[in-house]
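> PDB, C-alpha atoms, file query.pdb:
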```
ATOM      1  CA  MET A   1      27.908  14.834   1.349  1.00  0.00           C
ATOM      2  CA  LEU A   2      28.322  16.919  -1.780  1.00  0.00           C
ATOM      3  CA  ASN A   3      27.533  15.467  -5.223  1.00  0.00           C
ATOM      4  CA  ASP A   4      27.390  11.979  -3.633  1.00  0.00           C
ATOM      5  CA  VAL A   5      30.915  12.334  -2.190  1.00  0.00           C
ATOM      6  CA  ASP A   6      31.733  12.568   1.518  1.00  0.00           C
ATOM      7  CA  VAL A   7      33.442  15.903   2.114  1.00  0.00           C
ATOM      8  CA  SER A   8      34.373  18.124   5.004  1.00  0.00           C
ATOM      9  CA  ILE A   9      33.193  21.736   4.902  1.00  0.00           C
ATOM     10  CA  TRP A  10      35.549  24.518   6.015  1.00  0.00           C
ATOM     11  CA  ASP A  11      34.588  28.116   6.757  1.00  0.00           C
ATOM     12  CA  ILE A  12      37.573  30.470   6.633  1.00  0.00           C
ATOM     13  CA  LEU A  13      37.189  34.015   7.964  1.00  0.00           C
ATOM     14  CA  SER A  14      39.854  36.672   7.467  1.00  0.00           C
ATOM     15  CA  THR A  15      39.628  39.468  10.016  1.00  0.00           C
ATOM     16  CA  THR A  16      41.852  42.526   9.770  1.00  0.00           C
ATOM     17  CA  GLU A  17      42.310  45.882  11.386  1.00  0.00           C
ATOM     18  CA  ALA A  18      44.497  48.554   9.792  1.00  0.00           C
ATOM     19  CA  LEU A  19      45.310  51.986  11.187  1.00  0.00           C
ATOM     20  CA  GLY A  20      47.119  54.776   9.381  1.00  0.00           C
ATOM     21  CA  LYS A  21      49.908  56.742  11.039  1.00  0.00           C
ATOM     22  CA  SER A  22      50.296  60.507  11.145  1.00  0.00           C
ATOM     23  CA  TYR A  23      52.676  60.305   8.160  1.00  0.00           C
ATOM     24  CA  ALA A  24      50.780  57.669   6.158  1.00  0.00           C
ATOM     25  CA  THR A  25      47.181  56.591   5.762  1.00  0.00           C
ATOM     26  CA  VAL A  26      45.846  53.345   4.381  1.00  0.00           C
ATOM     27  CA  ARG A  27      44.766  53.820   0.749  1.00  0.00           C
ATOM     28  CA  GLU A  28      43.936  50.246  -0.214  1.00  0.00           C
ATOM     29  CA  GLN A  29      43.831  46.790   1.274  1.00  0.00           C
ATOM     30  CA  VAL A  30      43.756  43.645  -0.857  1.00  0.00           C
ATOM     31  CA  THR A  31      42.929  40.348   0.861  1.00  0.00           C
ATOM     32  CA  ARG A  32      43.023  36.967  -0.851  1.00  0.00           C
ATOM     33  CA  LEU A  33      41.925  33.547   0.451  1.00  0.00           C
ATOM     34  CA  ASP A  34      42.880  30.749  -1.922  1.00  0.00           C
ATOM     35  CA  ALA A  35      41.428  27.235  -1.633  1.00  0.00           C
ATOM     36  CA  GLU A  36      44.392  25.883  -3.619  1.00  0.00           C
ATOM     37  CA  SER A  37      42.785  24.167  -6.573  1.00  0.00           C
ATOM     38  CA  ASN A  38      46.126  22.613  -7.605  1.00  0.00           C
ATOM     39  CA  ILE A  39      45.771  19.787  -5.086  1.00  0.00           C
ATOM     40  CA  GLY A  40      42.511  18.693  -6.729  1.00  0.00           C
ATOM     41  CA  ASN A  41      40.447  17.703  -3.698  1.00  0.00           C
ATOM     42  CA  GLN A  42      39.163  21.157  -2.672  1.00  0.00           C
ATOM     43  CA  GLU A  43      36.418  23.316  -4.108  1.00  0.00           C
ATOM     44  CA  LEU A  44      35.485  26.886  -3.267  1.00  0.00           C
ATOM     45  CA  LEU A  45      31.737  26.767  -2.652  1.00  0.00           C
ATOM     46  CA  GLU A  46      31.126  30.453  -1.934  1.00  0.00           C
ATOM     47  CA  TYR A  47      32.711  33.732  -0.868  1.00  0.00           C
ATOM     48  CA  ARG A  48      31.262  36.677   1.025  1.00  0.00           C
ATOM     49  CA  PRO A  49      30.756  39.543   0.960  1.00  0.00           C
ATOM     50  CA  THR A  50      30.230  40.372  -2.666  1.00  0.00           C
ATOM     51  CA  THR A  51      30.755  43.934  -3.968  1.00  0.00           C
ATOM     52  CA  THR A  52      29.179  46.440  -1.630  1.00  0.00           C
ATOM     53  CA  SER A  53      29.467  49.961  -0.309  1.00  0.00           C
ATOM     54  CA  SER A  54      26.965  49.610   2.555  1.00  0.00           C
ATOM     55  CA  GLU A  55      27.537  51.082   5.980  1.00  0.00           C
ATOM     56  CA  SER A  56      27.048  47.663   7.551  1.00  0.00           C
ATOM     57  CA  ILE A  57      27.780  44.352   5.868  1.00  0.00           C
ATOM     58  CA  SER A  58      26.176  41.142   7.082  1.00  0.00           C
ATOM     59  CA  PHE A  59      26.749  37.917   5.237  1.00  0.00           C
ATOM     60  CA  THR A  60      26.073  34.230   5.627  1.00  0.00           C
ATOM     61  CA  LEU A  61      28.030  31.242   4.377  1.00  0.00           C
ATOM     62  CA  SER A  62      25.373  28.588   3.859  1.00  0.00           C
ATOM     63  CA  LYS A  63      26.073  26.423   0.804  1.00  0.00           C
ATOM     64  CA  SER A  64      26.266  22.677   1.532  1.00  0.00           C
ATOM     65  CA  GLY A  65      26.229  22.934   5.308  1.00  0.00           C
ATOM     66  CA  PRO A  66      25.018  24.825   8.350  1.00  0.00           C
ATOM     67  CA  SER A  67      24.682  28.591   8.016  1.00  0.00           C
ATOM     68  CA  ILE A  68      27.334  30.788   9.631  1.00  0.00           C
ATOM     69  CA  SER A  69      26.775  34.563   9.753  1.00  0.00           C
ATOM     70  CA  TYR A  70      29.308  37.397  10.026  1.00  0.00           C
ATOM     71  CA  LYS A  71      29.141  41.168  10.111  1.00  0.00           C
ATOM     72  CA  PHE A  72      31.455  44.139   9.768  1.00  0.00           C
ATOM     73  CA  GLU A  73      31.029  47.877   9.346  1.00  0.00           C
ATOM     74  CA  PRO A  74      33.262  49.267   6.610  1.00  0.00           C
ATOM     75  CA  GLY A  75      32.282  52.869   7.385  1.00  0.00           C
ATOM     76  CA  SER A  76      34.037  55.086   4.832  1.00  0.00           C
ATOM     77  CA  TRP A  77      35.495  52.113   2.916  1.00  0.00           C
ATOM     78  CA  LYS A  78      34.003  50.331  -0.077  1.00  0.00           C
ATOM     79  CA  THR A  79      34.474  46.632  -0.681  1.00  0.00           C
ATOM     80  CA  GLU A  80      34.826  45.212  -4.173  1.00  0.00           C
ATOM     81  CA  THR A  81      35.385  41.585  -5.013  1.00  0.00           C
ATOM     82  CA  ASP A  82      37.648  40.081  -7.626  1.00  0.00           C
ATOM     83  CA  SER A  83      36.806  36.542  -6.460  1.00  0.00           C
ATOM     84  CA  ARG A  84      36.626  33.565  -8.809  1.00  0.00           C
ATOM     85  CA  LEU A  85      34.704  30.403  -7.902  1.00  0.00           C
ATOM     86  CA  SER A  86      36.127  28.643 -10.956  1.00  0.00           C
ATOM     87  CA  GLU A  87      39.694  29.408  -9.806  1.00  0.00           C
ATOM     88  CA  ASN A  88      39.018  28.617  -6.116  1.00  0.00           C
ATOM     89  CA  TYR A  89      39.830  31.971  -4.530  1.00  0.00           C
ATOM     90  CA  GLY A  90      38.155  34.863  -2.789  1.00  0.00           C
ATOM     91  CA  LYS A  91      39.766  38.275  -3.280  1.00  0.00           C
ATOM     92  CA  TRP A  92      38.589  41.625  -1.964  1.00  0.00           C
ATOM     93  CA  ILE A  93      39.819  45.157  -2.634  1.00  0.00           C
ATOM     94  CA  LEU A  94      38.966  47.780  -0.029  1.00  0.00           C
ATOM     95  CA  THR A  95      39.384  51.453  -0.899  1.00  0.00           C
ATOM     96  CA  PRO A  96      38.174  54.745   0.590  1.00  0.00           C
ATOM     97  CA  LYS A  97      34.752  55.894  -0.599  1.00  0.00           C
ATOM     98  CA  PHE A  98      35.945  59.515  -0.569  1.00  0.00           C
ATOM     99  CA  PRO A  99      39.485  60.910  -0.841  1.00  0.00           C
ATOM    100  CA  THR A 100      40.639  62.334   2.463  1.00  0.00           C
ATOM    101  CA  THR A 101      43.852  62.755   4.396  1.00  0.00           C
ATOM    102  CA  ASP A 102      42.404  61.454   7.641  1.00  0.00           C
ATOM    103  CA  LEU A 103      40.963  58.008   7.027  1.00  0.00           C
ATOM    104  CA  PRO A 104      39.589  56.080   9.994  1.00  0.00           C
ATOM    105  CA  ARG A 105      40.736  52.603  10.831  1.00  0.00           C
ATOM    106  CA  LEU A 106      39.753  49.774   8.550  1.00  0.00           C
ATOM    107  CA  GLU A 107      38.229  46.615  10.029  1.00  0.00           C
ATOM    108  CA  THR A 108      37.101  43.694   7.903  1.00  0.00           C
ATOM    109  CA  ASN A 109      35.576  40.228   8.036  1.00  0.00           C
ATOM    110  CA  LEU A 110      35.871  38.389   4.724  1.00  0.00           C
ATOM    111  CA  GLY A 111      34.993  34.737   4.315  1.00  0.00           C
ATOM    112  CA  ILE A 112      34.988  31.667   2.113  1.00  0.00           C
ATOM    113  CA  ARG A 113      33.415  28.209   2.370  1.00  0.00           C
ATOM    114  CA  VAL A 114      35.443  25.317   0.968  1.00  0.00           C
ATOM    115  CA  SER A 115      34.811  21.589   0.604  1.00  0.00           C
ATOM    116  CA  ASN A 116      37.580  19.000   0.927  1.00  0.00           C
ATOM    117  CA  ALA A 117      37.086  15.498  -0.456  1.00  0.00           C
ATOM    118  CA  ALA A 118      40.405  13.844   0.457  1.00  0.00           C
ATOM    119  CA  GLY A 119      43.712  14.342   2.252  1.00  0.00           C
ATOM    120  CA  SER A 120      44.908  17.466   4.020  1.00  0.00           C
ATOM    121  CA  PHE A 121      43.161  20.813   3.801  1.00  0.00           C
ATOM    122  CA  LEU A 122      45.278  23.719   2.486  1.00  0.00           C
ATOM    123  CA  ILE A 123      44.442  27.403   2.459  1.00  0.00           C
ATOM    124  CA  GLN A 124      46.611  30.265   1.210  1.00  0.00           C
ATOM    125  CA  HIS A 125      46.093  33.714   2.678  1.00  0.00           C
ATOM    126  CA  SER A 126      47.542  37.157   1.958  1.00  0.00           C
ATOM    127  CA  HIS A 127      47.012  40.840   2.746  1.00  0.00           C
ATOM    128  CA  THR A 128      48.608  43.774   0.941  1.00  0.00           C
ATOM    129  CA  ILE A 129      48.144  47.307   2.246  1.00  0.00           C
ATOM    130  CA  THR A 130      48.990  50.390   0.185  1.00  0.00           C
ATOM    131  CA  LEU A 131      49.868  53.506   2.159  1.00  0.00           C
ATOM    132  CA  SER A 132      49.762  57.140   1.077  1.00  0.00           C
ATOM    133  CA  SER A 133      53.299  58.040   2.134  1.00  0.00           C
ATOM    134  CA  ILE A 134      56.306  57.921  -0.203  1.00  0.00           C
ATOM    135  CA  TYR A 135      58.427  57.281   2.907  1.00  0.00           C
ATOM    136  CA  THR A 136      56.643  54.098   3.881  1.00  0.00           C
ATOM    137  CA  PRO A 137      56.660  51.095   1.554  1.00  0.00           C
ATOM    138  CA  ASN A 138      53.585  49.001   0.951  1.00  0.00           C
ATOM    139  CA  ASN A 139      53.055  46.398   3.594  1.00  0.00           C
ATOM    140  CA  GLY A 140      51.877  42.853   3.274  1.00  0.00           C
ATOM    141  CA  THR A 141      51.939  39.423   4.793  1.00  0.00           C
ATOM    142  CA  GLY A 142      53.193  37.664   1.703  1.00  0.00           C
ATOM    143  CA  VAL A 143      51.407  34.421   0.916  1.00  0.00           C
ATOM    144  CA  ARG A 144      50.921  32.262   3.999  1.00  0.00           C
ATOM    145  CA  GLN A 145      49.940  28.607   3.720  1.00  0.00           C
ATOM    146  CA  PHE A 146      47.993  26.733   6.367  1.00  0.00           C
ATOM    147  CA  TRP A 147      47.795  22.923   6.250  1.00  0.00           C
ATOM    148  CA  VAL A 148      45.422  20.916   8.412  1.00  0.00           C
ATOM    149  CA  ASN A 149      45.176  17.121   8.533  1.00  0.00           C
ATOM    150  CA  ASP A 150      41.618  16.428   7.531  1.00  0.00           C
ATOM    151  CA  ARG A 151      40.667  13.188   5.857  1.00  0.00           C
TER     152      ARG A 151
END
```
Translate this file's structure into structure tokens.

Amino acid sequence: MLNDVDVSIWDILSTTEALGKSYATVREQVTRLDAESNIGNQELLEYRPTTTSSESISFTLSKSGPSISYKFEPGSWKTETDSRLSENYGKWILTPKFPTTDLPRLETNLGIRVSNAAGSFLIQHSHTITLSSIYTPNNGTGVRQFWVNDR
């Protein structure tokens, strides 16, 4: 129950691992999880993590339901958020803390909590990775949509 309305609560976790090649290293990763506000029955309740440059990131999704905790170690990567609760999306930009030609692999756990008041649940998800090589184009998943029958 949220604001006197029966809702379902969804926790969405995006986990990625990116490795550079000998001819190209990862320079930036942008991940976006969109709760699709256009369908009107969903609301982004929270996103995690927020901007950080810690060696270890632990976060908990806890608004309007049971707490769920996650952790990842960004190492030499910093995590910034461009998330917007009012626009129903979580967006993170991961970049190297220090310029180097030999960046280690990038592993992430990024999450959102969403409520759904009616109908199907829809989430949109995308990753874009920028590489350092002029020979290798940027890579990305494009926008993927996931529908789940819910209410």
> Quick check, in Å to one decimal: how far apart do CA of Val30 (chain A) and CA of Gly65 (chain A) lie?
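Value for the CA of Val30 (chain A)-CA of Gly65 (chain A) distance: 27.8 Å.
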> Return the single residue from A:Thr108, A:Ala35, A:Ser14, A:Asn88 that is closest to Ser58 (chain A), with distances computed using only C-alpha atoms.
A:Thr108
> Interatomic distance between CA of Ile93 (chain A) and CA of Val114 (chain A)?
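Spanning CA of Ile93 (chain A) to CA of Val114 (chain A) is a straight-line distance of 20.6 Å.
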> Calculated over all atoms listed in the file, which of the candidates A:Val7, A:Ile12, A:Ala18, A:Leu85 has the smallest distance to Gly140 (chain A)?
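Closest residue, counting all atoms listed in the file: A:Ala18.
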> Which neighbours of Arg151 (chain A) fall inside 10 Å, counting all atoms listed in the file, when residues of the same chain fewer than 5 positions from it are skipped, and could you give them as a PDB file with C-alpha atoms, in the frame of the given file?

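Produced file selection11.pdb, reproduced below:
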```pdb
ATOM      1  CA  ASP A   6      31.733  12.568   1.518  1.00  0.00           C
ATOM      2  CA  VAL A   7      33.442  15.903   2.114  1.00  0.00           C
ATOM      3  CA  SER A   8      34.373  18.124   5.004  1.00  0.00           C
ATOM      4  CA  ASN A 116      37.580  19.000   0.927  1.00  0.00           C
ATOM      5  CA  ALA A 117      37.086  15.498  -0.456  1.00  0.00           C
ATOM      6  CA  ALA A 118      40.405  13.844   0.457  1.00  0.00           C
ATOM      7  CA  GLY A 119      43.712  14.342   2.252  1.00  0.00           C
ATOM      8  CA  SER A 120      44.908  17.466   4.020  1.00  0.00           C
ATOM      9  CA  PHE A 121      43.161  20.813   3.801  1.00  0.00           C
TER      10      PHE A 121
END
```
> Of the residues A:Thr15, A:Ser86, A:Asn109, A:Gln29, which is the one nearest to Ser56 (chain A), using all atoms listed in the file?
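Closest residue, counting all atoms listed in the file: A:Asn109.
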